[in-house]
Structures are given as C-alpha cells and as structure tokens.
$ cat model_35.pdb   # PDB, C-alpha atoms, pLDDT in the B column
ATOM      1  CA  MET B   1      61.670  20.208  23.306  1.00 76.00           C
ATOM      2  CA  ASN B   2      64.425  19.026  25.600  1.00 89.00           C
ATOM      3  CA  PRO B   3      65.940  15.559  25.135  1.00 89.00           C
ATOM      4  CA  ASP B   4      64.559  14.103  28.397  1.00 89.00           C
ATOM      5  CA  ARG B   5      61.036  15.144  27.526  1.00 91.00           C
ATOM      6  CA  ALA B   6      61.364  13.777  23.970  1.00 91.00           C
ATOM      7  CA  GLN B   7      62.673  10.447  25.351  1.00 92.00           C
ATOM      8  CA  ALA B   8      59.768  10.232  27.835  1.00 92.00           C
ATOM      9  CA  ARG B   9      57.290  10.881  25.041  1.00 92.00           C
ATOM     10  CA  ALA B  10      58.906   8.236  22.802  1.00 92.00           C
ATOM     11  CA  ASP B  11      58.837   5.704  25.676  1.00 93.00           C
ATOM     12  CA  GLY B  12      55.146   6.478  26.297  1.00 93.00           C
ATOM     13  CA  LEU B  13      54.285   5.965  22.631  1.00 94.00           C
ATOM     14  CA  ALA B  14      56.263   2.698  22.543  1.00 94.00           C
ATOM     15  CA  ASP B  15      54.347   1.418  25.615  1.00 95.00           C
ATOM     16  CA  ARG B  16      51.062   2.460  24.044  1.00 94.00           C
ATOM     17  CA  LEU B  17      51.943   0.632  20.811  1.00 94.00           C
ATOM     18  CA  LYS B  18      52.920  -2.497  22.738  1.00 94.00           C
ATOM     19  CA  ARG B  19      49.580  -2.471  24.683  1.00 94.00           C
ATOM     20  CA  ARG B  20      47.580  -1.996  21.478  1.00 93.00           C
ATOM     21  CA  LEU B  21      49.370  -4.827  19.682  1.00 92.00           C
ATOM     22  CA  THR B  22      48.716  -7.082  22.690  1.00 91.00           C
ATOM     23  CA  GLU B  23      44.988  -6.154  22.572  1.00 90.00           C
ATOM     24  CA  LEU B  24      44.847  -6.937  18.850  1.00 89.00           C
ATOM     25  CA  ASP B  25      46.495 -10.324  19.442  1.00 86.00           C
ATOM     26  CA  GLN B  26      43.942 -11.086  22.151  1.00 85.00           C
ATOM     27  CA  GLU B  27      41.059 -10.108  19.838  1.00 83.00           C
ATOM     28  CA  GLU B  28      42.370 -12.558  17.225  1.00 83.00           C
ATOM     29  CA  THR B  29      42.097 -15.416  19.697  1.00 81.00           C
ATOM     30  CA  LEU B  30      38.511 -14.715  20.740  1.00 75.00           C
ATOM     31  CA  THR B  31      36.222 -17.700  20.433  1.00 77.00           C
ATOM     32  CA  PRO B  32      32.473 -17.220  20.272  1.00 78.00           C
ATOM     33  CA  MET B  33      30.216 -18.796  22.842  1.00 80.00           C
ATOM     34  CA  PRO B  34      27.443 -21.048  21.603  1.00 86.00           C
ATOM     35  CA  PRO B  35      24.260 -19.080  20.886  1.00 84.00           C
ATOM     36  CA  VAL B  36      21.562 -18.912  23.521  1.00 87.00           C
ATOM     37  CA  VAL B  37      17.974 -18.728  22.293  1.00 87.00           C
ATOM     38  CA  VAL B  38      15.997 -16.212  24.361  1.00 88.00           C
ATOM     39  CA  GLY B  39      12.823 -16.077  22.282  1.00 88.00           C
ATOM     40  CA  GLY B  40      11.036 -17.397  19.239  1.00 88.00           C
ATOM     41  CA  ALA B  41       8.202 -16.637  16.900  1.00 89.00           C
ATOM     42  CA  LEU B  42       5.782 -18.757  14.966  1.00 89.00           C
ATOM     43  CA  VAL B  43       4.223 -17.099  11.914  1.00 90.00           C
ATOM     44  CA  VAL B  44       0.814 -18.478  11.028  1.00 88.00           C
ATOM     45  CA  PRO B  45      -1.127 -17.231   7.982  1.00 85.00           C
ATOM     46  CA  ARG B  46      -4.208 -15.230   8.939  1.00 83.00           C
ATOM     47  CA  GLY B  47      -6.398 -17.198   6.530  1.00 78.00           C
ATOM     48  CA  LEU B  48      -5.444 -20.466   8.224  1.00 82.00           C
ATOM     49  CA  LEU B  49      -6.395 -19.097  11.641  1.00 86.00           C
ATOM     50  CA  GLU B  50      -9.701 -17.809  10.286  1.00 82.00           C
ATOM     51  CA  ARG B  51     -10.495 -21.202   8.735  1.00 80.00           C
ATOM     52  CA  ARG B  52      -9.572 -23.038  11.965  1.00 85.00           C
ATOM     53  CA  ARG B  53     -11.875 -20.764  13.986  1.00 86.00           C
ATOM     54  CA  GLY B  54     -14.656 -21.227  11.432  1.00 82.00           C
ATOM     55  CA  GLU B  55     -14.629 -17.544  10.442  1.00 79.00           C
ATOM     56  CA  ARG B  56     -13.764 -18.343   6.831  1.00 70.00           C
ATOM     57  CA  THR B  57     -14.940 -21.387   4.982  1.00 66.00           C
ATOM     58  CA  VAL B  58     -13.814 -20.235   1.538  1.00 61.00           C
ATOM     59  CA  GLU B  59     -10.519 -21.578   0.240  1.00 58.00           C
ATOM     60  CA  PRO B  60      -7.982 -19.048  -1.157  1.00 51.00           C
ATOM     61  CA  ALA B  61      -8.614 -20.027  -4.800  1.00 53.00           C
ATOM     62  CA  GLU B  62     -12.361 -19.514  -4.311  1.00 53.00           C
ATOM     63  CA  HIS B  63     -11.682 -16.200  -2.534  1.00 51.00           C
ATOM     64  CA  ALA B  64      -9.632 -15.059  -5.560  1.00 48.00           C
ATOM     65  CA  ARG B  65     -12.483 -16.010  -7.919  1.00 60.00           C
ATOM     66  CA  GLN B  66     -14.925 -14.080  -5.710  1.00 78.00           C
ATOM     67  CA  THR B  67     -12.604 -11.042  -5.739  1.00 81.00           C
ATOM     68  CA  ALA B  68     -12.494 -11.122  -9.537  1.00 84.00           C
ATOM     69  CA  GLU B  69     -16.302 -11.362  -9.616  1.00 87.00           C
ATOM     70  CA  VAL B  70     -16.651  -8.411  -7.213  1.00 88.00           C
ATOM     71  CA  GLU B  71     -14.292  -6.316  -9.345  1.00 90.00           C
ATOM     72  CA  ARG B  72     -16.183  -7.234 -12.540  1.00 91.00           C
ATOM     73  CA  ARG B  73     -19.559  -6.382 -11.008  1.00 91.00           C
ATOM     74  CA  ALA B  74     -18.170  -3.085  -9.689  1.00 92.00           C
ATOM     75  CA  VAL B  75     -16.815  -2.014 -13.090  1.00 93.00           C
ATOM     76  CA  ASP B  76     -20.091  -2.988 -14.779  1.00 93.00           C
ATOM     77  CA  ALA B  77     -22.060  -0.927 -12.232  1.00 94.00           C
ATOM     78  CA  VAL B  78     -19.869   2.134 -12.875  1.00 94.00           C
ATOM     79  CA  LEU B  79     -20.131   1.711 -16.659  1.00 95.00           C
ATOM     80  CA  HIS B  80     -23.911   1.686 -16.225  1.00 95.00           C
ATOM     81  CA  ALA B  81     -23.774   4.798 -13.976  1.00 95.00           C
ATOM     82  CA  GLU B  82     -21.607   6.622 -16.516  1.00 94.00           C
ATOM     83  CA  ARG B  83     -24.061   5.858 -19.329  1.00 95.00           C
ATOM     84  CA  ALA B  84     -26.928   7.046 -17.113  1.00 94.00           C
ATOM     85  CA  LEU B  85     -25.072  10.377 -16.773  1.00 95.00           C
ATOM     86  CA  GLY B  86     -25.033  10.696 -20.568  1.00 95.00           C
ATOM     87  CA  ARG B  87     -21.342   9.931 -20.917  1.00 95.00           C
ATOM     88  CA  ASP B  88     -19.617   7.527 -23.283  1.00 95.00           C
ATOM     89  CA  PRO B  89     -17.489   5.275 -21.008  1.00 95.00           C
ATOM     90  CA  GLU B  90     -14.631   3.083 -22.171  1.00 94.00           C
ATOM     91  CA  GLU B  91     -13.178   0.392 -19.929  1.00 93.00           C
ATOM     92  CA  MET B  92      -9.386   0.438 -19.853  1.00 92.00           C
ATOM     93  CA  PRO B  93      -7.250  -2.722 -19.977  1.00 90.00           C
ATOM     94  CA  HIS B  94      -6.789  -4.512 -16.654  1.00 81.00           C
ATOM     95  CA  ASN B  95      -4.102  -2.868 -14.480  1.00 78.00           C
ATOM     96  CA  ASN B  96      -4.217   0.402 -16.413  1.00 81.00           C
ATOM     97  CA  PRO B  97      -2.130   2.756 -14.266  1.00 79.00           C
ATOM     98  CA  GLY B  98      -4.280   5.367 -12.577  1.00 84.00           C
ATOM     99  CA  TYR B  99      -7.851   4.645 -13.645  1.00 91.00           C
ATOM    100  CA  ASP B 100     -10.220   1.929 -14.856  1.00 93.00           C
ATOM    101  CA  ILE B 101     -12.687   3.871 -17.027  1.00 94.00           C
ATOM    102  CA  ARG B 102     -12.215   6.814 -19.365  1.00 94.00           C
ATOM    103  CA  SER B 103     -15.515   8.529 -20.004  1.00 95.00           C
ATOM    104  CA  LEU B 104     -16.317  11.201 -22.594  1.00 94.00           C
ATOM    105  CA  THR B 105     -18.840  13.858 -21.564  1.00 94.00           C
ATOM    106  CA  PRO B 106     -21.426  15.180 -24.085  1.00 94.00           C
ATOM    107  CA  ASP B 107     -19.431  18.431 -24.326  1.00 94.00           C
ATOM    108  CA  GLY B 108     -16.210  16.568 -25.241  1.00 92.00           C
ATOM    109  CA  HIS B 109     -14.346  16.505 -21.904  1.00 94.00           C
ATOM    110  CA  LEU B 110     -12.756  13.421 -20.412  1.00 94.00           C
ATOM    111  CA  VAL B 111     -13.543  12.049 -16.963  1.00 94.00           C
ATOM    112  CA  PHE B 112     -11.227   9.426 -15.471  1.00 94.00           C
ATOM    113  CA  VAL B 113     -12.798   6.955 -13.051  1.00 95.00           C
ATOM    114  CA  GLU B 114     -10.934   4.656 -10.678  1.00 93.00           C
ATOM    115  CA  VAL B 115     -13.269   1.854  -9.540  1.00 94.00           C
ATOM    116  CA  LYS B 116     -12.947   0.282  -6.099  1.00 92.00           C
ATOM    117  CA  GLY B 117     -15.406  -2.535  -5.527  1.00 90.00           C
ATOM    118  CA  ARG B 118     -15.740  -4.235  -2.158  1.00 89.00           C
ATOM    119  CA  ILE B 119     -18.068  -6.888  -0.891  1.00 86.00           C
ATOM    120  CA  ALA B 120     -20.657  -5.479   1.515  1.00 84.00           C
ATOM    121  CA  GLY B 121     -19.220  -5.313   5.034  1.00 81.00           C
ATOM    122  CA  ALA B 122     -15.606  -4.803   3.979  1.00 83.00           C
ATOM    123  CA  GLY B 123     -13.641  -2.537   6.299  1.00 84.00           C
ATOM    124  CA  THR B 124     -10.808  -1.217   4.156  1.00 87.00           C
ATOM    125  CA  VAL B 125      -9.869  -0.405   0.586  1.00 89.00           C
ATOM    126  CA  THR B 126      -6.386  -0.094  -0.902  1.00 88.00           C
ATOM    127  CA  VAL B 127      -5.448   2.549  -3.452  1.00 89.00           C
ATOM    128  CA  THR B 128      -2.108   2.320  -5.227  1.00 88.00           C
ATOM    129  CA  ARG B 129       0.413   5.129  -5.296  1.00 86.00           C
ATOM    130  CA  ASN B 130      -0.034   5.467  -9.082  1.00 89.00           C
ATOM    131  CA  GLU B 131      -3.804   5.788  -8.682  1.00 89.00           C
ATOM    132  CA  ILE B 132      -3.410   8.537  -6.065  1.00 88.00           C
ATOM    133  CA  LEU B 133      -0.825  10.454  -8.106  1.00 88.00           C
ATOM    134  CA  PHE B 134      -2.946  10.216 -11.261  1.00 90.00           C
ATOM    135  CA  ALA B 135      -5.989  11.475  -9.338  1.00 89.00           C
ATOM    136  CA  LEU B 136      -4.026  14.421  -7.971  1.00 88.00           C
ATOM    137  CA  ASN B 137      -2.778  15.301 -11.453  1.00 88.00           C
ATOM    138  CA  ALA B 138      -6.219  14.931 -13.080  1.00 90.00           C
ATOM    139  CA  GLY B 139      -7.887  17.124 -10.428  1.00 89.00           C
ATOM    140  CA  PRO B 140     -11.642  17.637 -10.901  1.00 91.00           C
ATOM    141  CA  ALA B 141     -11.640  15.392 -13.994  1.00 93.00           C
ATOM    142  CA  HIS B 142     -11.035  12.370 -11.732  1.00 92.00           C
ATOM    143  CA  ARG B 143     -13.631  10.325  -9.864  1.00 94.00           C
ATOM    144  CA  LEU B 144     -13.087   7.633  -7.284  1.00 93.00           C
ATOM    145  CA  ALA B 145     -16.029   5.274  -7.694  1.00 95.00           C
ATOM    146  CA  LEU B 146     -16.815   3.191  -4.634  1.00 94.00           C
ATOM    147  CA  VAL B 147     -19.026   0.201  -5.322  1.00 93.00           C
ATOM    148  CA  GLU B 148     -20.548  -1.868  -2.540  1.00 91.00           C
ATOM    149  CA  VAL B 149     -21.309  -5.290  -3.986  1.00 90.00           C
ATOM    150  CA  HIS B 150     -23.947  -7.369  -2.213  1.00 86.00           C
ATOM    151  CA  PRO B 151     -23.524 -11.162  -2.350  1.00 80.00           C
ATOM    152  CA  ASP B 152     -27.193 -11.710  -3.153  1.00 80.00           C
ATOM    153  CA  GLY B 153     -27.078  -9.251  -6.060  1.00 80.00           C
ATOM    154  CA  GLY B 154     -27.231  -5.517  -6.414  1.00 85.00           C
ATOM    155  CA  GLU B 155     -24.577  -2.845  -6.219  1.00 90.00           C
ATOM    156  CA  GLN B 156     -24.500   0.623  -4.711  1.00 91.00           C
ATOM    157  CA  VAL B 157     -22.277   3.236  -6.355  1.00 94.00           C
ATOM    158  CA  ARG B 158     -20.861   6.401  -4.809  1.00 94.00           C
ATOM    159  CA  TYR B 159     -18.466   8.890  -6.372  1.00 95.00           C
ATOM    160  CA  LEU B 160     -15.806  11.061  -4.778  1.00 92.00           C
ATOM    161  CA  THR B 161     -14.414  14.017  -6.723  1.00 91.00           C
ATOM    162  CA  ASP B 162     -10.941  15.195  -5.679  1.00 84.00           C
ATOM    163  CA  ALA B 163     -10.805  12.236  -3.293  1.00 85.00           C
ATOM    164  CA  PHE B 164      -7.133  12.707  -2.499  1.00 84.00           C
ATOM    165  CA  THR B 165      -6.957  16.479  -2.164  1.00 81.00           C
ATOM    166  CA  GLY B 166      -4.666  17.275   0.739  1.00 77.00           C
ATOM    167  CA  MET B 167      -2.384  14.304   0.068  1.00 76.00           C
ATOM    168  CA  GLU B 168      -0.095  16.321  -2.198  1.00 71.00           C
ATOM    169  CA  GLY B 169       3.462  15.716  -1.080  1.00 70.00           C
ATOM    170  CA  ARG B 170       2.325  13.185   1.535  1.00 74.00           C
ATOM    171  CA  VAL B 171       2.641  10.097  -0.647  1.00 72.00           C
ATOM    172  CA  HIS B 172       6.162   8.861  -0.035  1.00 70.00           C
ATOM    173  CA  PHE B 173       8.122   7.775  -3.103  1.00 73.00           C
ATOM    174  CA  ALA B 174       8.709   4.350  -1.538  1.00 75.00           C
ATOM    175  CA  GLU B 175       5.019   3.687  -0.808  1.00 74.00           C
ATOM    176  CA  THR B 176       3.292   1.319  -3.168  1.00 79.00           C
ATOM    177  CA  ALA B 177      -0.236   1.694  -1.798  1.00 84.00           C
ATOM    178  CA  VAL B 178      -2.303   3.342   0.913  1.00 85.00           C
ATOM    179  CA  THR B 179      -5.099   1.594   2.805  1.00 86.00           C
ATOM    180  CA  PHE B 180      -8.179   3.648   3.639  1.00 88.00           C
ATOM    181  CA  ASP B 181     -11.162   3.068   5.900  1.00 89.00           C
ATOM    182  CA  TRP B 182     -13.975   2.021   3.534  1.00 88.00           C
ATOM    183  CA  HIS B 183     -16.750   3.495   5.665  1.00 90.00           C
ATOM    184  CA  LYS B 184     -15.131   6.931   5.953  1.00 91.00           C
ATOM    185  CA  LEU B 185     -14.623   7.145   2.181  1.00 90.00           C
ATOM    186  CA  TRP B 186     -18.148   5.799   1.590  1.00 91.00           C
ATOM    187  CA  ASN B 187     -19.635   8.478   3.848  1.00 91.00           C
ATOM    188  CA  GLN B 188     -17.745  11.208   1.945  1.00 89.00           C
ATOM    189  CA  GLY B 189     -19.075   9.957  -1.378  1.00 88.00           C
ATOM    190  CA  GLY B 190     -22.224  11.000  -3.143  1.00 86.00           C
ATOM    191  CA  GLU B 191     -24.378  10.194  -6.138  1.00 92.00           C
ATOM    192  CA  PRO B 192     -22.464   9.647  -9.394  1.00 90.00           C
ATOM    193  CA  SER B 193     -21.616  12.967 -11.031  1.00 87.00           C
TER     194      SER B 193
END
$ encode --input "model_35.pdb" --output "structure tokens"
Amino acid sequence: MNPDRAQARADGLADRLKRRLTELDQEETLTPMPPVVVGGALVVPRGLLERRRGERTVEPAEHARQTAEVERRAVDAVLHAERALGRDPEEMPHNNPGYDIRSLTPDGHLVFVEVKGRIAGAGTVTVTRNEILFALNAGPAHRLALVEVHPDGGEQVRYLTDAFTGMEGRVHFAETAVTFDWHKLWNQGGEPS
C-alpha cells in the first residue's frame, strides 16, 4: 500500500471514530419524554359480572362446597358402578396423580379409573397432564369415568376406554391441563365396562 493511500485510510478511520464518539456523547444526553397513555384495560372477574347480571347467585365459597359435593357424588357413583361390574374398587387419596379409583377384577387384573364429575349442563371438563400421561401409559387398563350429577339427585355414569389415544406426543411438557368439550366426551362414552 502506498503512503498516500495509507494516510487517506487513516484519516477516514479517524473521522469515523470522531463521528461515533460524538454520537455516543449525544446518546448519553438523551432525556426521555413523559409517557403518553394510548390505551387501558380494566380486568373484572367473570364471577362478579355473572352475579351482577343475575346469572349466578351462588357466592364463591358456596360454589366451592357444591364442587366438592359434585366430586364426592361422582366418585360414589363410580364406586357403585365398579361393584356392579363385580370388581373390588378402592378409592385413592385425594389428588392421587393419574387416577381416583383402583379396581381389582375377579381374575386379578387392575383397572385404573379417573373420575370426572360435572353438574348437569356443564360445557367443559379439565384433565390434568398427569392424568392424560397415566392414561396413555396404562392403555386398556384405564377408564375415564364421566359422571353427570343432577342437582335434584341422581347420577349418570359413562366410561371411556383409551380416552386419550391419539394424544401421544401432543401433550406439551409445559402444559398443566387440557380442557375438553364435555358433550363430545360424553357422546363417545358408553356403559361402564
């Protein structure tokens, strides 16, 4: 490289450095403008809106007691159905991962039953990730028991065998639960077996 060209390149780099240092100094002296609000949101609990519109007259604590009663009635109905099938059912502790009832068949095999009880007219049901994975691992030894609980008394029980077949590999590791349409599951179900 000849000396004139090297000097021109050095001068160009020096000018570039000077411009960049000036830009950095200007960025240090930036002052933010006061914020301007362009939108807002008001979050109102769904239950409050339903109570205000008269769609729900039950307070949350009462709703929780009713949910516990629905779950109890559903488990009792499935225990009764299991005994009617000639099995020896055993209710698992509350929040047992994967199933609610372990039932022994007359020929010594185990059947695992996950109970989902909903008040008549409910639209959805939630199944946890652990319940789905256990069902997939248990295969034909697993039953999903759907129990429709009527407020005035009486329960209807339907069973689904291999309820989650086809979901293998589709349950994301970060999912905690999946919500299903109650009516679609109910229509797939059949008599306890």
$ closest_residue --input "model_35.pdb" --among "B:Arg20, B:Arg46, B:Lys184, B:Arg52" --to "B:Val125" --atoms "all atoms listed in the file"
B:Lys184
$ residues_around --input "model_35.pdb" --residues "B:Gly190" --least-positions-apart "4" --cutoff "12 Å" --atoms "only C-alpha atoms" --output "mmCIF file with C-alpha atoms, keeping the file's coordinate frame"
data_model
loop_
_atom_site.group_PDB
_atom_site.id
_atom_site.type_symbol
_atom_site.label_atom_id
_atom_site.label_comp_id
_atom_site.auth_asym_id
_atom_site.auth_seq_id
_atom_site.Cartn_x
_atom_site.Cartn_y
_atom_site.Cartn_z
ATOM 1 C CA ARG B 143 -13.631 10.325 -9.864
ATOM 2 C CA LEU B 144 -13.087 7.633 -7.284
ATOM 3 C CA ALA B 145 -16.029 5.274 -7.694
ATOM 4 C CA LEU B 146 -16.815 3.191 -4.634
ATOM 5 C CA VAL B 147 -19.026 0.201 -5.322
ATOM 6 C CA GLN B 156 -24.500 0.623 -4.711
ATOM 7 C CA VAL B 157 -22.277 3.236 -6.355
ATOM 8 C CA ARG B 158 -20.861 6.401 -4.809
ATOM 9 C CA TYR B 159 -18.466 8.890 -6.372
ATOM 10 C CA LEU B 160 -15.806 11.061 -4.778
ATOM 11 C CA THR B 161 -14.414 14.017 -6.723
ATOM 12 C CA ALA B 163 -10.805 12.236 -3.293
ATOM 13 C CA LEU B 185 -14.623 7.145 2.181
ATOM 14 C CA TRP B 186 -18.148 5.799 1.590
#
$ resolve_selection --input "model_35.pdb" --expression "the PyMOL selection byres ((chain B and resi 127) around 10)" --output "PyMOL selection string"
chain B and resi 98+114-116+125-126+128-132+144+176-180
$ residues_around --input "model_35.pdb" --residues "stretch 78-91 of chain B" --least-positions-apart "4" --cutoff "8 Å" --atoms "only C-alpha atoms" --output "PDB file with C-alpha atoms, keeping the file's coordinate frame"
ATOM      1  CA  ALA B  74     -18.170  -3.085  -9.689  1.00 92.00           C
ATOM      2  CA  ASP B 100     -10.220   1.929 -14.856  1.00 93.00           C
ATOM      3  CA  ILE B 101     -12.687   3.871 -17.027  1.00 94.00           C
ATOM      4  CA  ARG B 102     -12.215   6.814 -19.365  1.00 94.00           C
ATOM      5  CA  SER B 103     -15.515   8.529 -20.004  1.00 95.00           C
ATOM      6  CA  LEU B 104     -16.317  11.201 -22.594  1.00 94.00           C
ATOM      7  CA  THR B 105     -18.840  13.858 -21.564  1.00 94.00           C
ATOM      8  CA  PRO B 106     -21.426  15.180 -24.085  1.00 94.00           C
ATOM      9  CA  VAL B 115     -13.269   1.854  -9.540  1.00 94.00           C
ATOM     10  CA  ALA B 145     -16.029   5.274  -7.694  1.00 95.00           C
ATOM     11  CA  VAL B 147     -19.026   0.201  -5.322  1.00 93.00           C
ATOM     12  CA  VAL B 157     -22.277   3.236  -6.355  1.00 94.00           C
ATOM     13  CA  PRO B 192     -22.464   9.647  -9.394  1.00 90.00           C
ATOM     14  CA  SER B 193     -21.616  12.967 -11.031  1.00 87.00           C
TER      15      SER B 193
END
$ atom_distance --input "model_35.pdb" --atom1 "atom CA of B:His94" --atom2 "atom CA of B:Glu155"
20.7 Å
$ atom_distance --input "model_35.pdb" --atom1 "atom CA of B:Pro151" --atom2 "atom CA of B:Ala77"
14.3 Å
$ closest_residue --input "model_35.pdb" --among "B:Asp11, B:Glu55, B:Asp162, B:Glu71" --to "B:Glu148" --atoms "only C-alpha atoms"
B:Glu71
$ axis_aligned_box --input "model_35.pdb" --around "stretch 8-15 of chain B" --padding-each-side "8 Å" --output "lines of an AutoDock Vina configuration file"
center_x = 57.0
center_y = 6.1
center_z = 25.2
size_x = 21.5
size_y = 25.5
size_z = 21.3
$ atom_distance --input "model_35.pdb" --atom1 "atom CA of B:Gly108" --atom2 "atom CA of B:Met167"
28.9 Å
$ closest_residue --input "model_35.pdb" --among "B:Thr165, B:Thr22, B:Asn2, B:Gln188" --to "B:Ala135" --atoms "all atoms listed in the file"
B:Thr165
$ closest_residue --input "model_35.pdb" --among "B:Ala14, B:Pro97, B:Asn137, B:Val149" --to "B:Gly117" --atoms "all atoms listed in the file"
B:Val149
